[in-house]
>>> print(open('coords-v1.cif').read())   # mmCIF, C-alpha atoms and all ligand atoms
data_my_file
#
loop_
_atom_site.label_atom_id
_atom_site.label_comp_id
_atom_site.auth_asym_id
_atom_site.auth_seq_id
_atom_site.Cartn_x
_atom_site.Cartn_y
_atom_site.Cartn_z
CA MET W 1 -19.36 20.07 13.11
CA THR W 2 -17.82 17.33 15.25
CA MET W 3 -14.62 17.97 17.14
CA GLN W 4 -12.52 15.49 19.10
CA ALA W 5 -8.89 15.05 20.15
CA ILE W 6 -6.48 12.14 20.48
CA ARG W 7 -3.63 12.29 22.95
CA GLY W 8 -0.37 10.29 23.04
CA ALA W 9 3.16 10.21 21.65
CA ALA W 10 3.05 11.03 17.94
CA ILE W 11 5.41 10.57 15.02
CA THR W 12 5.19 12.05 11.55
CA PHE W 13 7.72 13.00 8.86
CA LYS W 14 8.82 16.45 7.77
CA ALA W 15 11.30 15.20 5.17
CA ASP W 16 12.71 12.09 3.50
CA PRO W 17 15.05 10.22 5.90
CA PHE W 18 16.82 8.69 2.89
CA ARG W 19 18.16 12.20 2.28
CA HIS W 20 18.13 13.81 5.72
CA ASP W 21 19.34 12.85 9.15
CA TRP W 22 16.48 11.38 11.15
CA THR W 23 16.47 14.32 13.57
CA GLU W 24 15.62 16.60 10.63
CA ALA W 25 13.22 14.15 9.03
CA VAL W 26 11.15 13.00 12.00
CA ASN W 27 8.74 15.11 14.00
CA HIS W 28 8.32 13.31 17.33
CA ILE W 29 6.04 14.82 19.94
CA PRO W 30 6.36 12.75 23.16
CA ASP W 31 2.94 13.84 24.44
CA ALA W 32 0.87 15.22 21.59
CA LEU W 33 -2.68 16.41 21.23
CA ILE W 34 -4.14 15.88 17.77
CA THR W 35 -7.37 17.81 17.28
CA ILE W 36 -9.74 16.62 14.57
CA GLU W 37 -12.77 18.35 13.14
CA ASP W 38 -15.05 16.75 10.57
CA GLY W 39 -12.48 14.10 9.71
CA VAL W 40 -9.60 16.51 9.18
CA ILE W 41 -6.69 17.30 11.50
CA VAL W 42 -6.99 20.92 12.61
CA ALA W 43 -4.24 21.16 15.23
CA VAL W 44 -1.18 19.17 16.38
CA GLY W 45 1.17 20.04 19.18
CA PRO W 46 2.32 19.33 22.71
CA ALA W 47 -0.66 18.25 24.84
CA ALA W 48 0.20 20.76 27.56
CA GLU W 49 -0.42 23.59 25.09
CA GLY W 50 -3.31 22.00 23.22
CA LEU W 51 -5.31 21.10 26.31
CA ALA W 52 -5.10 24.66 27.60
CA THR W 53 -7.00 25.99 24.61
CA LEU W 54 -9.27 23.00 23.86
CA GLY W 55 -12.96 23.51 24.61
CA ALA W 56 -14.09 21.72 27.78
CA ASP W 57 -16.77 19.86 25.80
CA VAL W 58 -14.34 18.34 23.27
CA PRO W 59 -13.77 14.63 24.00
CA VAL W 60 -10.14 13.53 24.36
CA THR W 61 -9.06 9.88 23.91
CA HIS W 62 -5.75 9.20 25.63
CA TYR W 63 -3.36 6.40 24.56
CA PRO W 64 -0.45 6.00 26.97
CA ASP W 65 2.34 3.48 26.08
CA ALA W 66 1.57 3.96 22.43
CA ILE W 67 2.74 5.89 19.40
CA ILE W 68 0.22 7.56 17.13
CA CYS W 69 1.30 7.71 13.51
CA PRO W 70 -0.28 8.19 10.11
CA GLY W 71 -2.13 5.09 8.86
CA PHE W 72 0.01 2.71 6.84
CA ILE W 73 -0.09 2.72 3.06
CA ASP W 74 0.09 -0.55 1.12
CA ALA W 75 0.99 0.26 -2.49
CA HIS W 76 0.47 -3.23 -3.91
CA VAL W 77 -1.99 -5.88 -2.74
CA HIS W 78 -4.50 -8.33 -4.26
CA TYR W 79 -7.72 -8.61 -2.25
CA PRO W 80 -8.96 -11.81 -3.97
CA GLN W 81 -5.79 -13.56 -2.84
CA VAL W 82 -6.49 -13.47 0.91
CA GLN W 83 -8.07 -16.88 0.42
CA MET W 84 -4.80 -18.41 -0.85
CA ILE W 85 -2.17 -16.54 1.17
CA GLY W 86 0.66 -18.89 2.14
CA ALA W 87 0.31 -21.27 -0.84
CA PHE W 88 3.11 -23.83 -0.85
CA GLY W 89 6.03 -24.56 -3.05
CA GLU W 90 6.11 -22.55 -6.29
CA GLN W 91 7.76 -19.57 -7.88
CA LEU W 92 5.75 -16.88 -9.64
CA LEU W 93 4.57 -18.38 -12.93
CA GLU W 94 3.69 -21.81 -11.54
CA TRP W 95 2.17 -20.19 -8.42
CA LEU W 96 -0.12 -18.10 -10.64
CA GLU W 97 -1.33 -21.19 -12.54
CA LYS W 98 -1.66 -23.52 -9.58
CA TYR W 99 -3.20 -21.24 -6.96
CA THR W 100 -3.88 -17.64 -8.02
CA PHE W 101 -5.89 -18.16 -11.19
CA VAL W 102 -7.85 -20.90 -9.44
CA ALA W 103 -8.81 -18.62 -6.53
CA GLU W 104 -9.67 -15.68 -8.77
CA GLN W 105 -12.21 -17.76 -10.72
CA ASP W 106 -14.31 -17.96 -7.54
CA PHE W 107 -15.00 -14.23 -8.03
CA ALA W 108 -17.35 -14.96 -10.91
CA ASP W 109 -19.78 -15.17 -7.98
CA ALA W 110 -20.57 -11.61 -6.84
CA GLY W 111 -21.57 -12.84 -3.39
CA HIS W 112 -18.14 -14.41 -2.93
CA ALA W 113 -16.49 -11.12 -3.93
CA GLU W 114 -18.58 -9.27 -1.33
CA THR W 115 -17.63 -11.73 1.40
CA VAL W 116 -13.91 -11.60 0.62
CA ALA W 117 -13.91 -7.79 0.26
CA GLY W 118 -15.40 -7.62 3.77
CA VAL W 119 -12.76 -9.93 5.22
CA PHE W 120 -9.95 -8.11 3.41
CA LEU W 121 -10.97 -4.60 4.48
CA ARG W 122 -11.21 -5.67 8.11
CA GLU W 123 -7.81 -7.34 7.93
CA LEU W 124 -6.31 -4.17 6.46
CA LEU W 125 -7.75 -2.03 9.26
CA ARG W 126 -6.59 -4.55 11.85
CA ALA W 127 -3.10 -4.29 10.35
CA GLY W 128 -3.21 -0.48 10.52
CA THR W 129 -3.40 0.03 6.76
CA THR W 130 -5.69 2.90 5.85
CA THR W 131 -4.90 3.30 2.14
CA ALA W 132 -3.99 0.61 -0.38
CA ALA W 133 -3.55 0.16 -4.12
CA VAL W 134 -5.61 -2.94 -4.69
CA TYR W 135 -5.94 -5.45 -7.53
CA CYS W 136 -9.43 -6.86 -7.88
CA THR W 137 -10.16 -9.64 -10.42
CA VAL W 138 -11.12 -9.44 -14.07
CA HIS W 139 -14.81 -9.33 -13.04
CA PRO W 140 -16.19 -5.77 -12.83
CA HIS W 141 -18.39 -6.73 -9.86
CA SER W 142 -15.23 -7.58 -7.89
CA VAL W 143 -14.45 -3.84 -8.04
CA ASP W 144 -18.00 -2.91 -7.05
CA ALA W 145 -17.75 -5.23 -4.05
CA PHE W 146 -14.44 -3.73 -2.95
CA PHE W 147 -15.33 -0.05 -3.39
CA ALA W 148 -18.74 -0.59 -1.77
CA GLU W 149 -17.05 -1.99 1.34
CA SER W 150 -14.38 0.73 1.29
CA SER W 151 -17.10 3.39 1.00
CA ARG W 152 -18.81 1.97 4.09
CA PHE W 153 -15.60 2.44 6.08
CA ASN W 154 -14.88 5.71 4.25
CA THR W 155 -11.32 4.54 3.54
CA ARG W 156 -9.24 6.19 0.83
CA MET W 157 -8.58 3.31 -1.52
CA ILE W 158 -7.13 2.91 -4.99
CA ALA W 159 -8.37 -0.14 -6.91
CA GLY W 160 -9.22 -1.51 -10.29
CA LYS W 161 -10.39 -4.38 -12.42
CA VAL W 162 -7.60 -6.63 -13.66
CA MET W 163 -7.26 -6.50 -17.44
CA MET W 164 -5.91 -9.64 -19.11
CA ASP W 165 -6.68 -10.90 -22.58
CA ARG W 166 -4.15 -13.73 -22.96
CA ASN W 167 -2.05 -16.31 -21.11
CA ALA W 168 -4.72 -16.86 -18.47
CA PRO W 169 -7.63 -19.30 -18.14
CA GLU W 170 -10.53 -18.55 -20.48
CA ALA W 171 -12.79 -17.73 -17.51
CA LEU W 172 -10.44 -14.94 -16.40
CA ARG W 173 -9.85 -13.33 -19.78
CA ASP W 174 -11.38 -10.12 -21.07
CA THR W 175 -10.79 -8.65 -24.53
CA VAL W 176 -9.24 -5.40 -25.74
CA GLU W 177 -12.75 -3.96 -26.11
CA SER W 178 -14.41 -5.33 -22.98
CA GLY W 179 -11.34 -4.55 -20.81
CA TYR W 180 -11.42 -0.96 -22.00
CA HIS W 181 -15.19 -0.47 -21.72
CA ASP W 182 -15.60 -2.25 -18.37
CA SER W 183 -12.72 -0.23 -16.89
CA LYS W 184 -14.14 3.01 -18.30
CA ALA W 185 -17.55 2.28 -16.80
CA LEU W 186 -15.94 1.58 -13.42
CA ILE W 187 -13.99 4.85 -13.60
CA GLU W 188 -17.23 6.71 -14.23
CA LYS W 189 -18.93 4.89 -11.38
CA TRP W 190 -16.22 5.04 -8.72
CA HIS W 191 -13.33 7.41 -9.40
CA GLY W 192 -13.57 10.38 -7.07
CA LYS W 193 -16.73 9.05 -5.45
CA GLY W 194 -16.13 9.89 -1.81
CA ARG W 195 -12.56 8.81 -1.13
CA GLN W 196 -12.36 6.10 -3.82
CA LEU W 197 -9.81 6.35 -6.63
CA TYR W 198 -9.70 4.19 -9.73
CA CYS W 199 -6.62 2.34 -10.94
CA ILE W 200 -6.34 1.01 -14.50
CA THR W 201 -4.91 -2.46 -13.90
CA PRO W 202 -3.33 -4.42 -16.77
CA ARG W 203 -2.12 -7.37 -14.66
CA PHE W 204 1.36 -7.69 -16.24
CA ALA W 205 2.85 -7.60 -19.71
CA PRO W 206 2.59 -11.39 -20.34
CA SER W 207 -1.18 -11.43 -19.78
CA SER W 208 -2.06 -8.41 -21.92
CA SER W 209 -1.65 -8.16 -25.69
CA GLU W 210 0.09 -5.09 -27.02
CA ALA W 211 -3.33 -3.87 -28.19
CA GLN W 212 -4.72 -4.18 -24.65
CA LEU W 213 -1.77 -2.30 -23.16
CA GLU W 214 -2.30 0.46 -25.72
CA ALA W 215 -6.01 0.60 -24.90
CA ALA W 216 -5.11 0.87 -21.20
CA GLY W 217 -2.73 3.75 -22.02
CA ARG W 218 -5.46 5.51 -24.02
CA LEU W 219 -7.95 5.08 -21.18
CA TRP W 220 -5.45 6.59 -18.73
CA ARG W 221 -4.86 9.62 -20.98
CA GLU W 222 -8.61 10.08 -21.27
CA HIS W 223 -9.04 10.10 -17.47
CA PRO W 224 -6.45 12.33 -15.80
CA GLY W 225 -6.11 11.74 -12.08
CA THR W 226 -6.70 7.99 -12.31
CA TYR W 227 -3.94 5.49 -11.56
CA VAL W 228 -2.17 2.67 -13.37
CA GLN W 229 -0.76 -0.40 -11.68
CA SER W 230 1.03 -3.47 -12.94
CA HIS W 231 3.83 -5.91 -12.16
CA LEU W 232 7.41 -5.31 -13.29
CA CYS W 233 10.63 -7.35 -13.29
CA GLU W 234 9.52 -9.64 -10.49
CA ASN W 235 10.95 -13.03 -11.45
CA LEU W 236 13.74 -14.07 -13.83
CA GLY W 237 11.52 -16.54 -15.73
CA GLU W 238 8.88 -13.83 -16.13
CA VAL W 239 11.46 -11.29 -17.36
CA ALA W 240 12.72 -13.79 -19.99
CA TRP W 241 9.12 -14.44 -21.08
CA VAL W 242 8.48 -10.71 -21.56
CA ARG W 243 11.63 -10.51 -23.71
CA GLU W 244 10.20 -13.31 -25.92
CA LEU W 245 6.73 -11.79 -26.09
CA PHE W 246 7.94 -8.26 -26.87
CA PRO W 247 11.18 -8.72 -28.87
CA GLU W 248 10.96 -5.21 -30.30
CA ARG W 249 11.04 -3.54 -26.85
CA SER W 250 14.37 -2.75 -25.18
CA SER W 251 13.33 -3.89 -21.68
CA TYR W 252 10.36 -4.91 -19.54
CA ILE W 253 9.56 -1.35 -18.47
CA ASP W 254 9.88 -0.21 -22.08
CA VAL W 255 6.79 -2.33 -22.83
CA TYR W 256 4.76 -0.17 -20.42
CA ASP W 257 6.51 3.07 -21.40
CA HIS W 258 5.80 2.42 -25.10
CA ALA W 259 2.09 1.88 -24.31
CA GLY W 260 1.89 5.19 -22.40
CA LEU W 261 1.62 3.44 -19.05
CA THR W 262 4.46 5.21 -17.22
CA GLY W 263 4.19 8.53 -15.38
CA PRO W 264 3.00 10.06 -12.13
CA ARG W 265 0.33 7.76 -10.58
CA ALA W 266 1.78 4.66 -12.27
CA ILE W 267 2.72 2.06 -9.64
CA PHE W 268 4.83 -0.96 -10.53
CA GLY W 269 5.04 -3.84 -8.09
CA HIS W 270 8.28 -5.70 -7.29
CA ALA W 271 10.93 -4.22 -9.68
CA VAL W 272 13.48 -6.72 -8.42
CA HIS W 273 15.45 -7.35 -11.62
CA MET W 274 16.05 -3.75 -12.68
CA ASP W 275 19.06 -2.27 -14.42
CA GLU W 276 20.16 1.35 -14.50
CA GLU W 277 18.11 2.15 -17.60
CA ASP W 278 14.97 0.80 -15.94
CA PHE W 279 15.49 2.95 -12.84
CA ALA W 280 16.29 5.94 -15.07
CA CYS W 281 12.98 5.41 -16.91
CA CYS W 282 11.09 5.45 -13.58
CA HIS W 283 12.89 8.60 -12.52
CA ARG W 284 12.30 10.35 -15.84
CA THR W 285 8.62 9.49 -15.98
CA GLY W 286 7.82 9.87 -12.27
CA SER W 287 6.60 6.28 -12.02
CA ALA W 288 6.59 4.69 -8.56
CA LEU W 289 7.84 1.29 -7.45
CA ALA W 290 6.20 -0.85 -4.76
CA HIS W 291 8.76 -2.83 -2.79
CA CYS W 292 7.11 -6.11 -1.73
CA PRO W 293 9.65 -7.84 0.52
CA THR W 294 7.56 -10.62 2.08
CA SER W 295 6.40 -11.67 -1.38
CA ASN W 296 9.80 -11.43 -3.06
CA LEU W 297 11.23 -13.70 -0.37
CA PHE W 298 8.25 -16.08 -0.20
CA LEU W 299 8.13 -16.65 -3.98
CA GLY W 300 11.93 -16.68 -4.25
CA SER W 301 11.80 -13.72 -6.65
CA GLY W 302 14.90 -11.84 -5.47
CA LEU W 303 16.15 -8.81 -3.56
CA PHE W 304 14.89 -5.30 -4.31
CA LYS W 305 17.69 -2.71 -4.61
CA MET W 306 16.28 -0.05 -2.31
CA PHE W 307 19.31 2.20 -2.14
CA GLU W 308 19.88 1.94 -5.88
CA ALA W 309 16.25 2.97 -6.44
CA LYS W 310 16.53 5.92 -4.05
CA ARG W 311 19.92 7.10 -5.41
CA ALA W 312 20.09 10.84 -4.78
CA ASP W 313 21.14 11.81 -8.32
CA ARG W 314 18.07 10.14 -9.91
CA PRO W 315 15.68 9.23 -7.11
CA VAL W 316 12.74 6.96 -7.85
CA HIS W 317 9.59 7.03 -5.73
CA VAL W 318 9.41 3.88 -3.63
CA ALA W 319 6.45 2.71 -1.56
CA LEU W 320 5.92 -0.47 0.40
CA GLY W 321 3.58 -3.25 -0.71
CA THR W 322 2.49 -6.48 0.93
CA ASP W 323 1.49 -8.18 -2.35
CA VAL W 324 -0.78 -10.57 -0.45
CA GLY W 325 -1.29 -13.44 -1.42
CA GLY W 326 2.28 -13.59 -2.82
CA GLY W 327 3.19 -11.74 0.35
CA THR W 328 2.74 -13.49 3.66
CA SER W 329 1.34 -10.70 5.85
CA LEU W 330 -0.94 -7.68 5.51
CA SER W 331 1.03 -5.99 8.29
CA GLN W 332 3.39 -3.30 7.03
CA LEU W 333 5.38 -3.81 10.23
CA GLN W 334 6.11 -7.32 8.96
CA SER W 335 6.94 -5.91 5.51
CA LEU W 336 9.49 -3.67 7.23
CA ASN W 337 10.87 -6.59 9.23
CA GLU W 338 11.64 -8.30 5.93
CA ALA W 339 12.65 -5.10 4.12
CA TYR W 340 15.39 -4.62 6.69
CA LYS W 341 16.77 -8.12 6.01
CA VAL W 342 16.53 -7.64 2.23
CA ALA W 343 18.49 -4.38 2.52
CA LYS W 344 21.09 -6.10 4.71
CA LEU W 345 21.60 -8.89 2.15
CA GLY W 346 22.14 -6.16 -0.44
CA GLY W 347 24.81 -4.54 1.72
CA GLY W 348 22.66 -1.70 3.08
CA THR W 349 20.96 -0.83 6.34
CA LEU W 350 17.36 0.35 6.34
CA THR W 351 16.88 2.60 9.36
CA PRO W 352 13.64 2.54 11.34
CA ALA W 353 12.99 6.13 10.27
CA GLN W 354 13.37 5.14 6.60
CA GLY W 355 11.11 2.15 7.15
CA LEU W 356 8.33 4.07 8.87
CA TYR W 357 8.60 6.79 6.23
CA LEU W 358 8.13 4.23 3.42
CA ALA W 359 4.99 2.97 5.12
CA THR W 360 3.52 6.48 5.61
CA ARG W 361 4.61 9.74 4.00
CA GLY W 362 6.95 8.09 1.47
CA GLY W 363 4.09 5.90 0.31
CA ALA W 364 1.81 8.92 0.07
CA GLU W 365 4.41 10.77 -2.01
CA ALA W 366 4.82 7.80 -4.34
CA LEU W 367 1.03 7.68 -4.77
CA ARG W 368 0.84 11.48 -5.19
CA LEU W 369 -1.45 11.76 -2.19
CA ASP W 370 1.03 13.51 0.10
CA ASP W 371 -1.10 16.65 0.18
CA ARG W 372 -3.86 14.81 2.05
CA ILE W 373 -2.65 11.60 3.72
CA GLY W 374 0.55 10.17 5.21
CA SER W 375 1.28 12.98 7.69
CA ILE W 376 -0.10 14.29 10.95
CA GLU W 377 -0.47 17.94 10.12
CA PRO W 378 -3.30 20.45 10.05
CA GLY W 379 -5.32 20.08 6.86
CA TYR W 380 -4.59 16.37 6.49
CA GLU W 381 -7.26 13.66 6.48
CA ALA W 382 -7.28 12.08 9.94
CA ASP W 383 -6.29 8.53 8.98
CA LEU W 384 -4.34 7.60 12.10
CA ILE W 385 -3.18 4.47 13.86
CA VAL W 386 -2.27 3.85 17.45
CA LEU W 387 0.76 1.56 17.75
CA ASP W 388 0.98 -0.43 20.97
CA LEU W 389 4.65 -0.74 21.93
CA LYS W 390 3.85 -3.51 24.42
CA ALA W 391 1.50 -5.60 22.31
CA THR W 392 3.00 -8.96 23.27
CA PRO W 393 4.83 -10.17 26.39
CA LEU W 394 8.10 -10.28 24.43
CA MET W 395 7.60 -6.76 23.04
CA GLN W 396 6.84 -5.48 26.51
CA PHE W 397 9.98 -7.10 27.93
CA ARG W 398 12.19 -6.02 25.02
CA GLN W 399 10.95 -2.42 24.94
CA ALA W 400 12.14 -1.91 28.51
CA TYR W 401 15.70 -2.25 27.18
CA CYS W 402 15.34 0.21 24.31
CA ARG W 403 17.58 3.22 24.92
CA ASP W 404 16.07 5.73 22.52
CA LEU W 405 13.23 6.34 20.10
CA MET W 406 14.99 4.77 17.14
CA GLU W 407 15.57 1.54 19.04
CA THR W 408 11.95 1.58 20.18
CA LEU W 409 10.74 1.94 16.58
CA PHE W 410 13.14 -0.67 15.27
CA VAL W 411 11.96 -3.26 17.80
CA LEU W 412 8.37 -2.36 16.94
CA MET W 413 8.95 -3.09 13.27
CA THR W 414 10.97 -6.23 13.94
CA LEU W 415 8.61 -7.86 16.45
CA GLY W 416 5.37 -6.08 15.61
CA ASP W 417 2.45 -7.17 13.47
CA ASP W 418 -1.33 -6.71 13.57
CA ARG W 419 -1.29 -7.28 17.33
CA ALA W 420 0.56 -3.97 17.68
CA ILE W 421 -2.35 -1.99 16.23
CA ARG W 422 -4.32 -0.72 19.20
CA ALA W 423 -6.75 1.36 17.12
CA THR W 424 -7.33 2.61 13.58
CA TYR W 425 -9.01 5.94 12.77
CA ILE W 426 -10.43 6.67 9.33
CA ALA W 427 -11.10 10.36 8.65
CA GLY W 428 -11.34 10.80 12.41
CA ALA W 429 -13.70 7.86 13.03
CA PRO W 430 -12.45 5.02 15.25
CA VAL W 431 -13.36 2.15 12.90
CA TYR W 432 -11.18 -0.46 14.63
CA ASP W 433 -10.43 -0.84 18.31
CA ARG W 434 -8.59 -3.94 19.47
CA GLU W 435 -10.00 -3.60 22.97
CA ARG W 436 -13.66 -3.27 22.06
CA GLU W 437 -15.94 -6.27 22.03
CA GLN W 438 -17.24 -5.20 18.64
CA GLN W 439 -13.86 -4.40 17.11
CA PHE W 440 -15.06 -2.91 13.79
CA ILE W 441 -17.55 -0.11 13.47
CA TYR W 442 -18.74 1.57 10.28
CA PRO W 443 -18.46 5.32 10.80
N1 LIG Q 1 2.36 -11.13 -11.67
C1 LIG Q 1 1.19 -11.21 -12.34
N2 LIG Q 1 0.17 -11.42 -11.48
C2 LIG Q 1 0.69 -11.50 -10.26
C3 LIG Q 1 0.13 -11.71 -8.97
O1 LIG Q 1 -1.07 -11.89 -8.78
N3 LIG Q 1 0.99 -11.70 -7.93
C4 LIG Q 1 2.34 -11.50 -8.10
N4 LIG Q 1 3.12 -11.49 -7.04
N5 LIG Q 1 2.88 -11.31 -9.30
C5 LIG Q 1 2.08 -11.31 -10.37
ZN ZN Q 2 1.12 -8.49 -7.13
#
>>> encode(input="coords-v1.cif", output="structure tokens", more="lines below")
Ligand code: GUN
Ligand code: ZN
Amino acid sequence: MTMQAIRGAAITFKADPFRHDWTEAVNHIPDALITIEDGVIVAVGPAAEGLATLGADVPVTHYPDAIICPGFIDAHVHYPQVQMIGAFGEQLLEWLEKYTFVAEQDFADAGHAETVAGVFLRELLRAGTTTAAVYCTVHPHSVDAFFAESSRFNTRMIAGKVMMDRNAPEALRDTVESGYHDSKALIEKWHGKGRQLYCITPRFAPSSSEAQLEAAGRLWREHPGTYVQSHLCENLGEVAWVRELFPERSSYIDVYDHAGLTGPRAIFGHAVHMDEEDFACCHRTGSALAHCPTSNLFLGSGLFKMFEAKRADRPVHVALGTDVGGGTSLSQLQSLNEAYKVAKLGGGTLTPAQGLYLATRGGAEALRLDDRIGSIEPGYEADLIVLDLKATPLMQFRQAYCRDLMETLFVLMTLGDDRAIRATYIAGAPVYDREREQQFIYP
């Protein structure tokens, strides 16, 4: 039994700030003591009370000038694409051909996959992301490389082998049979092993035949508790292409719904060009959407309708995704910086409480993991990050003029990025510490 405590200001959510005033939704403890035993939070409360009852031999790590919050959740990201993040000039379909499919072919080499998985995991931890829904490549060993690295850090990750049997280079194509069998073997190998969770990953409707989508749906039904992820209504050219490829379906999401690929634990990235029927389908089926603002802006895809998605009479689960390498940062603070601007252009105002909720508890709810991650409460896995409010000279100067907590948080998400992550804890273990010479440590 190992016990330790972390001390500092803490923020977690009690309720959804899209539905409740922030004072009801946010639990802010200005000086908190978070006690952790064997990777799980066992007590949270004011430090003055906690310290009085804490055993004298329990180590306490104190973070002044910081805010401790649940680790960020990235609901849509491609690890093989870290090598082509920031690729110039194209919209989605041309960008896939010119850069993405080229980069992903490098993963035929298992050693390359291992190297990139190592870089990616470290970048996630440096950005304060402790759980992500991750696309690997079509190669099964790309999944092995990713889960092996995630297991070493003991991170709770969701990932899967991309399935695509058409409209992609020969070297990146599987078949209905091999896509099904390779995915099934990976489920048996990795799903539920430690903290790893498998995600059945048909890339998007244009690159899977109807038979492959149906096989993916069958595989999902055969393995309850696994996930499904794909892309949805990202780009107007893509949406028109799906209409041509699936003329008998009433909409893009109907393609997935018809194949049995909607429901709780289905995560659809982007969802920019959605109409009311599409949102209603997500609500009815319990499917989640991953809002990927840096990507939607970078690739010129469009503006996600956050407040339409979250409409109180038929709410849809929304999480936040970076979509690297379509997205331009692995930092969810930077996603929120852009999400605020996207909301503004759509006539809405995303509050800092709503933003932080999307990156933590809201993401956990969308991924159906809100009983174990996304909150700082007893019984929860101790995936925590320490946010440095004064990470840069400008942040330090600007924070001095913040008049309340909401302003402080808003400036953090406007100016903050990976530099604002002071430390990252995975199941209680300090795996990343910005101030240490050796910044990353396997637990
Ligand atoms: N649609 C199909 N594949 C991809 C991808 O890799 N990135 C993005 N942003 N959209 C996609
Ligand atoms: Zn994507």
>>> residues_near_point(input="coords-v1.cif", point="(-4.5, 16.8, 21.7)", cutoff="9 Å", atoms="all atoms listed in the file", output="list of chain:residue names")
W:Gln4, W:Ala5, W:Ile6, W:Arg7, W:Gly8, W:Asp31, W:Ala32, W:Leu33, W:Ile34, W:Thr35, W:Ile36, W:Ala43, W:Val44, W:Gly45, W:Pro46, W:Ala47, W:Ala48, W:Glu49, W:Gly50, W:Leu51, W:Leu54, W:Val60, W:Thr61, W:His62
>>> write_last_selection(input="coords-v1.cif", atoms="C-alpha atoms", output="mmCIF file, keeping the file's coordinate frame")
data_model
loop_
_atom_site.group_PDB
_atom_site.id
_atom_site.type_symbol
_atom_site.label_atom_id
_atom_site.label_comp_id
_atom_site.auth_asym_id
_atom_site.auth_seq_id
_atom_site.Cartn_x
_atom_site.Cartn_y
_atom_site.Cartn_z
ATOM 1 C CA GLN W 4 -12.520 15.490 19.100
ATOM 2 C CA ALA W 5 -8.890 15.050 20.150
ATOM 3 C CA ILE W 6 -6.480 12.140 20.480
ATOM 4 C CA ARG W 7 -3.630 12.290 22.950
ATOM 5 C CA GLY W 8 -0.370 10.290 23.040
ATOM 6 C CA ASP W 31 2.940 13.840 24.440
ATOM 7 C CA ALA W 32 0.870 15.220 21.590
ATOM 8 C CA LEU W 33 -2.680 16.410 21.230
ATOM 9 C CA ILE W 34 -4.140 15.880 17.770
ATOM 10 C CA THR W 35 -7.370 17.810 17.280
ATOM 11 C CA ILE W 36 -9.740 16.620 14.570
ATOM 12 C CA ALA W 43 -4.240 21.160 15.230
ATOM 13 C CA VAL W 44 -1.180 19.170 16.380
ATOM 14 C CA GLY W 45 1.170 20.040 19.180
ATOM 15 C CA PRO W 46 2.320 19.330 22.710
ATOM 16 C CA ALA W 47 -0.660 18.250 24.840
ATOM 17 C CA ALA W 48 0.200 20.760 27.560
ATOM 18 C CA GLU W 49 -0.420 23.590 25.090
ATOM 19 C CA GLY W 50 -3.310 22.000 23.220
ATOM 20 C CA LEU W 51 -5.310 21.100 26.310
ATOM 21 C CA LEU W 54 -9.270 23.000 23.860
ATOM 22 C CA VAL W 60 -10.140 13.530 24.360
ATOM 23 C CA THR W 61 -9.060 9.880 23.910
ATOM 24 C CA HIS W 62 -5.750 9.200 25.630
#
>>> atom_distance(input="coords-v1.cif", atom1="atom CA of W:Ala319", atom2="atom CA of W:Ala159")
16.0 Å
>>> atom_distance(input="coords-v1.cif", atom1="atom CA of W:Ile200", atom2="atom CA of W:Ile73")
18.7 Å
>>> residues_near_ligand(input="coords-v1.cif", ligand="ligand ZN 2 (chain Q)", cutoff="10 Å", atoms="all atoms listed in the file", output="JSON, numbers by chain")
{"W": [75, 76, 77, 78, 81, 92, 134, 135, 203, 204, 229, 230, 231, 232, 234, 268, 269, 270, 290, 292, 295, 321, 322, 323, 324, 325, 326, 327]}
>>> residues_near_point(input="coords-v1.cif", point="(12.8, 6.5, -10.5)", cutoff="6 Å", atoms="only C-alpha atoms", output="list of chain:residue names")
W:Phe279, W:Ala280, W:Cys282, W:His283, W:Pro315, W:Val316, W:His317
>>> closest_residue(input="coords-v1.cif", among="W:Pro264, W:Gly347, W:Gly128, W:Pro443", to="W:Ile421", atoms="only C-alpha atoms")
W:Gly128
>>> closest_residue(input="coords-v1.cif", among="W:Leu236, W:Ala25, W:Ala343, W:Ala423", to="ligand LIG 1 (chain Q)", atoms="only C-alpha atoms and all ligand atoms")
W:Leu236
>>> atom_distance(input="coords-v1.cif", atom1="atom CA of W:Gly225", atom2="atom CA of W:Leu124")
24.4 Å
>>> axis_aligned_box(input="coords-v1.cif", around="stretch 228-238 of chain W", padding_each_side="6 Å", output="AutoDock Vina command-line options")
--center_x 5.8 --center_y -6.9 --center_z -13.3 --size_x 27.9 --size_y 31.2 --size_z 17.6
>>> closest_residue(input="coords-v1.cif", among="W:Arg19, W:His291, W:Arg419, W:Lys310", to="ligand LIG 1 (chain Q)", atoms="only C-alpha atoms and all ligand atoms")
W:His291
>>> closest_residue(input="coords-v1.cif", among="W:Glu308, W:Asp370, W:Asp383, W:Glu338", to="W:Gly39", atoms="all atoms listed in the file")
W:Asp383
>>> closest_residue(input="coords-v1.cif", among="W:Ala259, W:Ala366, W:Met164, W:Val431", to="ligand LIG 1 (chain Q)", atoms="only C-alpha atoms and all ligand atoms")
W:Met164
>>> closest_residue(input="coords-v1.cif", among="W:Met306, W:Val411, W:Leu289, W:Leu299", to="ligand LIG 1 (chain Q)", atoms="all atoms listed in the file")
W:Leu299
>>> decode(input="coords-v1.cif", residues="stretch 221-228 of chain W", atoms="C-alpha atoms", output="mmCIF file, in the first residue's frame")
data_model
loop_
_atom_site.group_PDB
_atom_site.id
_atom_site.type_symbol
_atom_site.label_atom_id
_atom_site.label_comp_id
_atom_site.auth_asym_id
_atom_site.auth_seq_id
_atom_site.Cartn_x
_atom_site.Cartn_y
_atom_site.Cartn_z
ATOM 1 C CA ARG W 221 -21.771 -6.358 -31.103
ATOM 2 C CA GLU W 222 -19.617 -9.397 -30.405
ATOM 3 C CA HIS W 223 -17.393 -7.435 -27.990
ATOM 4 C CA PRO W 224 -19.476 -5.348 -25.595
ATOM 5 C CA GLY W 225 -17.496 -2.663 -23.807
ATOM 6 C CA THR W 226 -15.241 -1.920 -26.775
ATOM 7 C CA TYR W 227 -15.425 1.390 -28.628
ATOM 8 C CA VAL W 228 -16.069 2.560 -32.171
#
